[in-house]
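Reviewing the structure listed below.
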Amino acid sequence: MAASKRMQKHPLFFVFFLLCLVPLLWTPAEAKKKRRRHQLKTVQVRTITVDVRNIFDPTVPGEDIWLFRLANRLHIPTKPSVIRREMLVYPGDWTDLERIEESERNLRALPFIKDASISQQQTPDGRVDLLVKTQDSWTTQPQFNVASEGGQTSLSGGFEEINLLGYGKDLSYQYKKNTDGVSEVLGYNDPQFLNSRFILNSSFQDTATGNAQDINLAQPFYSLTTPVAGGLPYSHFEGLQKVFAQGTQISQYDQTHTSLDPNIGWWVNNDPLNVLRLQVSYRYSEDIFKAQDVTLPGTLPDDKALSGPIAGMSYIQSDFIKETFVDKTGRVEDINLGHQSNIGLGYVAKKFGATENTLPFSANDSFGFGGSGPWFGLFSYGTSSRYTLYSEGQTGGRLINTIYFANFNYYQHLLEDFPMTGVVHAESAYLQNPDSSNVLTLGGDTGLRGFKVNSFTGNKSLLVNLENRFYYPKEILHLAYVGGAVFVDAGQTQPEGLGFTRRDFHADVGMGMRFGLSRSADGTVFRVDLAYAVGPIQQSNRWILSISSAQGFSREANTYKNFASPTSTQ
């Protein structure tokens, strides 16, 4: 009974209980890994033929009309050289089936590719010829969007070309207007910078209250067996930060943030199905906060600088399955059920320019189960924190800005011949001695669709979503899948010192429409949801209409998506 009361008062005990169960689930993943050892069967590649198909296929009934032929003429198809550079195998190579399948997954991950497949044909001399078939998506995207989530409306417009001249480059401009004012964003991303394995990501933003710049030049781990990777990400922004309490803004202040994180990593074992990597980085992060006339006393965070080296290790177990009609429509989604684990430990010191002497650390793991039938599940959990060292001017020997979190997702295809998927999502997070700029939020944009944005805040959260998604099984006019959803959301946040209670659970029920643009980049799903808040409410209206280009909740990190971690080994 005493243990039960402690778990109610401190959700940290609940999270630790979940973590203790995790090792029991490791064995099934290991068994699935052994069953996939056949993927290491080697073959020699004789030739590779690339077949790039346009957006619409004139040989398919219904797609040979003047409008679709015009779209094909206006669209510049992906250059075969772009496809070949994404391949992990080349003519003359001895390779295994796992590497061929990974090449296929890499191609499907490109936003301008609707579908990709690699087939093999045996040759008389025992080698194989590979036929790579890809189909382009429509990549020129004039953007106009009116969105409403949690009682807040935003308007945006602009353009994006994610396959510039067929070379896979991404150029975008966006104008957005919401309750904060007007913002403009210019972005350029290049996944094959200077025809290499380097990537360049950049974004420049001006807002009504500040500006932001993000630049990253890196060679990523573009495959499970990439020997070396590294990067140089830089980020800077100046802007207004608002403080909410129970759905009401109570304060605001200005923030300037700068971060630089040069990093390098190595693949250190020789097992392509169980990949172990080591990473080293130097993390510099500085936050300066400035009060305004309306800043409420006690809500302005202290200036903070973190500076020092970080070492990390990651483990990836390859156990991929192919799914459709999960979070996207009409697209193959590659989902890894194997373990993906990360641990990191750093040293932050005043002698490096930091404002404290601490040991930042993080640890997380995710894995899946099922996948051999109409269902599968995903689970993730972890923690991130800073441990203060004993030194002059600070209290040592305690954890600060600590988060513990756990996420569970379950997907069930309910009908064999009809796209209907049941989804269960549950997450919980707990902040211990958080920085004042970190808070858990719950509302219309974080999975509780019947309530306004930032309706509930605290240092512990619990969110549960039940949703049934269904679609008409055929494309409408060869352009989109149309369907709907019914859902139930429930959750709560609580401040420090209070535990979860039955009376403080907030819930909503609702239904909505889903529109999956099958020819667009990334298979965008637009949703229109109408949710009804159940039980006692503080807001003026029980009905909330949400219009967005994303699902009503993400697989993880809804209530703590804005949490700022001091270290990461991803």
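So you can find residues: chains in the structure tokens are A, B, ... in the order shown, residues in each start at 1, and ligands are numbered from 1 in order.
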Inset, instruction - Please identify all polymer residues within 8 Å of stretch 484-500 of chain A, counting only C-alpha atoms, omitting same-chain residues fewer than 2 positions from it, and present them as a VMD selection string. - result: chain A and resid 8 to 11 440 to 442 447 to 449 456 to 471 482 502 504 to 514
For the selection just defined, write its residues with N, CA, C and O atoms to a file, as a compact mmCIF listing (two decimals), in the first residue's frame.
# COMPACT_ATOMS: atom_id res chain seq x y z
N GLN A 8 1.68 7.13 -6.69
CA GLN A 8 0.70 8.15 -7.01
C GLN A 8 1.28 9.55 -6.78
O GLN A 8 1.03 10.47 -7.54
N LYS A 9 2.08 9.71 -5.72
CA LYS A 9 2.62 11.02 -5.40
C LYS A 9 3.79 11.38 -6.30
O LYS A 9 3.96 12.53 -6.69
N HIS A 10 4.62 10.40 -6.63
CA HIS A 10 5.80 10.65 -7.44
C HIS A 10 5.79 9.74 -8.67
O HIS A 10 6.14 8.57 -8.57
N PRO A 11 5.40 10.25 -9.83
CA PRO A 11 5.37 9.41 -11.04
C PRO A 11 6.74 8.88 -11.42
O PRO A 11 6.85 8.00 -12.25
N LEU A 440 6.16 21.03 -18.84
CA LEU A 440 5.35 20.10 -19.62
C LEU A 440 4.01 20.75 -19.92
O LEU A 440 3.39 21.36 -19.04
N THR A 441 3.56 20.64 -21.16
CA THR A 441 2.31 21.28 -21.56
C THR A 441 1.35 20.26 -22.16
O THR A 441 1.77 19.27 -22.77
N LEU A 442 0.07 20.54 -21.99
CA LEU A 442 -0.98 19.67 -22.51
C LEU A 442 -2.08 20.55 -23.06
O LEU A 442 -2.54 21.49 -22.38
N GLY A 447 -1.92 16.79 -28.24
CA GLY A 447 -2.63 15.53 -28.10
C GLY A 447 -3.96 15.58 -27.39
O GLY A 447 -4.68 14.58 -27.38
N LEU A 448 -4.34 16.71 -26.79
CA LEU A 448 -5.63 16.83 -26.11
C LEU A 448 -6.48 17.78 -26.93
O LEU A 448 -6.61 18.96 -26.64
N ARG A 449 -7.11 17.25 -27.99
CA ARG A 449 -7.69 18.08 -29.04
C ARG A 449 -8.94 18.84 -28.63
O ARG A 449 -9.35 19.77 -29.33
N PHE A 456 -2.92 23.19 -19.93
CA PHE A 456 -2.46 22.64 -18.66
C PHE A 456 -0.93 22.54 -18.69
O PHE A 456 -0.35 22.12 -19.68
N THR A 457 -0.32 22.94 -17.60
CA THR A 457 1.14 22.88 -17.49
C THR A 457 1.52 22.30 -16.14
O THR A 457 0.74 22.36 -15.18
N GLY A 458 2.71 21.75 -16.06
CA GLY A 458 3.17 21.18 -14.80
C GLY A 458 4.52 20.52 -14.97
O GLY A 458 5.19 20.66 -16.00
N ASN A 459 4.92 19.73 -13.96
CA ASN A 459 6.20 19.04 -14.03
C ASN A 459 6.03 17.53 -14.20
O ASN A 459 7.00 16.79 -14.21
N LYS A 460 4.78 17.08 -14.33
CA LYS A 460 4.51 15.67 -14.62
C LYS A 460 3.31 15.60 -15.54
O LYS A 460 2.38 16.41 -15.44
N SER A 461 3.32 14.64 -16.45
CA SER A 461 2.25 14.57 -17.45
C SER A 461 1.89 13.12 -17.74
O SER A 461 2.71 12.20 -17.59
N LEU A 462 0.67 12.95 -18.17
CA LEU A 462 0.16 11.65 -18.61
C LEU A 462 -0.82 11.90 -19.74
O LEU A 462 -1.71 12.75 -19.62
N LEU A 463 -0.63 11.20 -20.85
CA LEU A 463 -1.49 11.38 -22.02
C LEU A 463 -1.81 10.03 -22.62
O LEU A 463 -0.93 9.19 -22.79
N VAL A 464 -3.10 9.82 -22.94
CA VAL A 464 -3.55 8.59 -23.59
C VAL A 464 -4.43 8.98 -24.77
O VAL A 464 -5.34 9.82 -24.64
N ASN A 465 -4.16 8.39 -25.95
CA ASN A 465 -4.96 8.63 -27.15
C ASN A 465 -5.42 7.31 -27.73
O ASN A 465 -4.62 6.38 -27.87
N LEU A 466 -6.70 7.22 -28.05
CA LEU A 466 -7.27 6.08 -28.76
C LEU A 466 -7.87 6.60 -30.06
O LEU A 466 -8.69 7.53 -30.03
N GLU A 467 -7.45 6.03 -31.19
CA GLU A 467 -7.93 6.55 -32.47
C GLU A 467 -8.13 5.41 -33.46
O GLU A 467 -7.30 4.50 -33.54
N ASN A 468 -9.21 5.49 -34.20
CA ASN A 468 -9.50 4.54 -35.28
C ASN A 468 -9.48 5.31 -36.59
O ASN A 468 -10.34 6.16 -36.82
N ARG A 469 -8.49 5.02 -37.44
CA ARG A 469 -8.34 5.70 -38.72
C ARG A 469 -8.81 4.78 -39.84
O ARG A 469 -8.46 3.59 -39.86
N PHE A 470 -9.55 5.30 -40.78
CA PHE A 470 -10.06 4.48 -41.88
C PHE A 470 -10.08 5.30 -43.16
O PHE A 470 -10.26 6.52 -43.14
N TYR A 471 -9.86 4.60 -44.29
CA TYR A 471 -9.78 5.25 -45.59
C TYR A 471 -10.53 4.42 -46.63
O TYR A 471 -10.58 3.19 -46.54
N VAL A 482 -9.14 9.39 -49.19
CA VAL A 482 -10.06 10.12 -48.34
C VAL A 482 -10.57 9.18 -47.26
O VAL A 482 -10.92 8.03 -47.53
N ARG A 502 -7.90 11.33 -10.06
CA ARG A 502 -8.96 11.00 -11.00
C ARG A 502 -9.74 12.24 -11.41
O ARG A 502 -10.11 12.41 -12.58
N ASP A 504 -8.77 15.22 -11.79
CA ASP A 504 -8.03 16.16 -12.62
C ASP A 504 -7.74 15.63 -14.02
O ASP A 504 -7.03 16.29 -14.80
N PHE A 505 -8.26 14.46 -14.36
CA PHE A 505 -8.13 13.97 -15.73
C PHE A 505 -9.05 14.77 -16.64
O PHE A 505 -10.21 15.02 -16.31
N HIS A 506 -8.52 15.17 -17.78
CA HIS A 506 -9.27 15.93 -18.77
C HIS A 506 -9.40 15.04 -20.01
O HIS A 506 -8.44 14.38 -20.43
N ALA A 507 -10.57 15.04 -20.59
CA ALA A 507 -10.82 14.13 -21.70
C ALA A 507 -11.66 14.81 -22.78
O ALA A 507 -12.36 15.80 -22.52
N ASP A 508 -11.55 14.27 -23.99
CA ASP A 508 -12.39 14.73 -25.09
C ASP A 508 -12.69 13.56 -26.01
O ASP A 508 -11.98 12.54 -26.01
N VAL A 509 -13.75 13.66 -26.75
CA VAL A 509 -14.12 12.70 -27.79
C VAL A 509 -14.34 13.48 -29.06
O VAL A 509 -14.66 14.67 -29.03
N GLY A 510 -14.15 12.81 -30.19
CA GLY A 510 -14.33 13.55 -31.44
C GLY A 510 -14.23 12.68 -32.66
O GLY A 510 -14.01 11.46 -32.58
N MET A 511 -14.39 13.32 -33.78
CA MET A 511 -14.29 12.66 -35.07
C MET A 511 -13.75 13.66 -36.09
O MET A 511 -13.76 14.87 -35.84
N GLY A 512 -13.27 13.13 -37.19
CA GLY A 512 -12.70 14.04 -38.18
C GLY A 512 -12.53 13.40 -39.54
O GLY A 512 -12.82 12.22 -39.74
N MET A 513 -12.07 14.19 -40.48
CA MET A 513 -11.79 13.76 -41.84
C MET A 513 -10.28 13.69 -42.05
O MET A 513 -9.52 14.43 -41.43
N ARG A 514 -9.87 12.78 -42.93
CA ARG A 514 -8.47 12.63 -43.29
C ARG A 514 -8.34 12.67 -44.81
O ARG A 514 -9.13 12.04 -45.52
I'd like the contact shell of stretch 193-199 of chain A - 8 Å cut-off, only C-alpha atoms, skipping same-chain residues fewer than 5 positions apart - returned as a short mmCIF file (atom, residue, chain, number, x, y, z; two decimals) with N, CA and C atoms, in the first residue's frame.
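Final output, saved to part31.cif:
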data_model
loop_
_atom_site.label_atom_id
_atom_site.label_comp_id
_atom_site.auth_asym_id
_atom_site.auth_seq_id
_atom_site.Cartn_x
_atom_site.Cartn_y
_atom_site.Cartn_z
N ASN A 216 23.78 23.55 -40.72
CA ASN A 216 24.44 22.29 -40.37
C ASN A 216 25.07 21.69 -41.62
N LEU A 217 26.37 21.53 -41.59
CA LEU A 217 27.10 20.83 -42.64
C LEU A 217 27.63 19.55 -42.03
N ALA A 218 27.25 18.40 -42.60
CA ALA A 218 27.60 17.13 -41.96
C ALA A 218 27.69 16.01 -42.98
N GLN A 219 28.48 15.02 -42.65
CA GLN A 219 28.38 13.72 -43.31
C GLN A 219 27.75 12.78 -42.30
N PRO A 220 26.49 12.40 -42.50
CA PRO A 220 25.80 11.58 -41.51
C PRO A 220 26.17 10.11 -41.65
N TYR A 222 24.98 7.56 -43.21
CA TYR A 222 24.00 7.36 -44.27
C TYR A 222 23.64 5.88 -44.45
#
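Omitting stretch 353-362 of chain A and its sequence neighbours fewer than 3 positions away, and counting only C-alpha atoms, the residues within 6 Å are Lys304, Ala305, Leu306, Ser307, Ile343, Gly344, Leu345, Gly346, Tyr347, Val348, Ala349, Lys350, Thr383, Ser384, Ser385, Arg386, Tyr387, Thr388 and Leu389 of chain A.
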Inset, instruction - Run DSSP on the backbone and give me the residues of stretch 360-521 of chain A it puts in strand (DSSP E), as a ChimeraX atom specification. - result: /A:360-370,375-388,399-413,420-432,440-442,456-458,460-471,480-494,506-517
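For stretch 552-556 of chain A, the non-local neighbours within 9 Å, defined as residues at least 6 positions apart in the same chain or in other chains and counting only C-alpha atoms, are Leu378, Ser380, Ala406, Asn407, Phe408, Asn409, His425, Ala426, Glu427, Gly444, Asp445, Thr446, Gly447, Leu448, Arg449, Asn465, Arg527, Asp529 and Ser546 of chain A.
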Would you put the residues from that selection into a file with C-alpha atoms, as a JSON list (two decimals), in the first residue's frame?
[["chain", "number", "residue", "atom", "x", "y", "z"],
["A", 378, "LEU", "CA", 6.62, 0.48, -30.30],
["A", 380, "SER", "CA", 10.57, 4.10, -25.95],
["A", 406, "ALA", "CA", 8.16, 6.64, -21.46],
["A", 407, "ASN", "CA", 6.08, 6.16, -24.62],
["A", 408, "PHE", "CA", 3.95, 3.29, -25.88],
["A", 409, "ASN", "CA", 2.28, 2.89, -29.28],
["A", 425, "HIS", "CA", -0.78, 5.92, -27.72],
["A", 426, "ALA", "CA", 0.29, 6.50, -24.11],
["A", 427, "GLU", "CA", 3.08, 8.64, -22.71],
["A", 444, "GLY", "CA", -4.88, 21.18, -28.44],
["A", 445, "ASP", "CA", -1.46, 21.02, -30.09],
["A", 446, "THR", "CA", -0.07, 18.31, -27.79],
["A", 447, "GLY", "CA", -2.63, 15.53, -28.10],
["A", 448, "LEU", "CA", -5.63, 16.83, -26.11],
["A", 449, "ARG", "CA", -7.69, 18.08, -29.04],
["A", 465, "ASN", "CA", -4.96, 8.63, -27.15],
["A", 527, "ARG", "CA", -6.86, 16.35, -40.99],
["A", 529, "ASP", "CA", -10.99, 17.20, -36.33],
["A", 546, "SER", "CA", -8.50, 21.51, -35.44]]
Mind running stretch 41-159 of chain A against stretch 271-279 of chain A at 12 Å and telling me each contacting residue's nearest atom pair with the distance in Å (one decimal), counting only C-alpha atoms, chain and number ascending, as a Markdown table?
| residue | atom | partner | partner_atom | distance |
| --- | --- | --- | --- | --- |
| A:Thr95 | CA | A:Pro272 | CA | 11.5 |
| A:Asp96 | CA | A:Pro272 | CA | 9.9 |
| A:Leu97 | CA | A:Pro272 | CA | 11.1 |
| A:Glu98 | CA | A:Pro272 | CA | 8.1 |
| A:Arg99 | CA | A:Pro272 | CA | 8.6 |
| A:Glu102 | CA | A:Pro272 | CA | 10.7 |
Legend entry - Nearest residue to A:Ile113 from the set A:Ile162, A:Leu70, A:Val43, A:Met313 (distances using only C-alpha atoms): A:Ile162
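Candidate residues A:Ala212, A:Leu131, A:Leu431, A:Ala71 were compared for distance to A:Arg519, and the nearest is A:Ala71, using only C-alpha atoms.
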Inset, instruction - Name the residues in contact with A:Gly265 at a cut-off of 10 Å, using only C-alpha atoms, excluding same-chain residues fewer than 3 positions from it; report them as a PyMOL selection string. - result: chain A and resi 220-221+226-231+268+277-281+311-314+569
Can those selected residues be exported to a file as a PDB file, in the first residue's frame so that it contains C-alpha atoms?
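Output file again37.pdb is given in full below:
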ATOM      1  CA  PRO A 220      25.797  11.583 -41.511  1.00  0.00           C
ATOM      2  CA  PHE A 221      25.696   7.861 -40.894  1.00  0.00           C
ATOM      3  CA  THR A 226      29.071   3.901 -42.511  1.00  0.00           C
ATOM      4  CA  PRO A 227      32.552   3.886 -40.905  1.00  0.00           C
ATOM      5  CA  VAL A 228      32.844   7.594 -39.961  1.00  0.00           C
ATOM      6  CA  ALA A 229      30.388  10.488 -39.644  1.00  0.00           C
ATOM      7  CA  GLY A 230      30.588  14.047 -38.352  1.00  0.00           C
ATOM      8  CA  GLY A 231      29.033  17.474 -38.501  1.00  0.00           C
ATOM      9  CA  VAL A 268      33.245   0.227 -34.056  1.00  0.00           C
ATOM     10  CA  ARG A 277      28.863   3.425 -32.676  1.00  0.00           C
ATOM     11  CA  LEU A 278      30.973   5.784 -30.581  1.00  0.00           C
ATOM     12  CA  GLN A 279      30.525   9.550 -30.810  1.00  0.00           C
ATOM     13  CA  VAL A 280      32.436  12.537 -29.461  1.00  0.00           C
ATOM     14  CA  SER A 281      31.247  16.141 -29.551  1.00  0.00           C
ATOM     15  CA  ALA A 311      31.078  11.231 -25.291  1.00  0.00           C
ATOM     16  CA  GLY A 312      28.350   8.856 -26.358  1.00  0.00           C
ATOM     17  CA  MET A 313      27.606   5.367 -27.550  1.00  0.00           C
ATOM     18  CA  SER A 314      24.702   4.124 -29.649  1.00  0.00           C
ATOM     19  CA  THR A 569      23.988  11.297 -28.752  1.00  0.00           C
TER      20      THR A 569
END
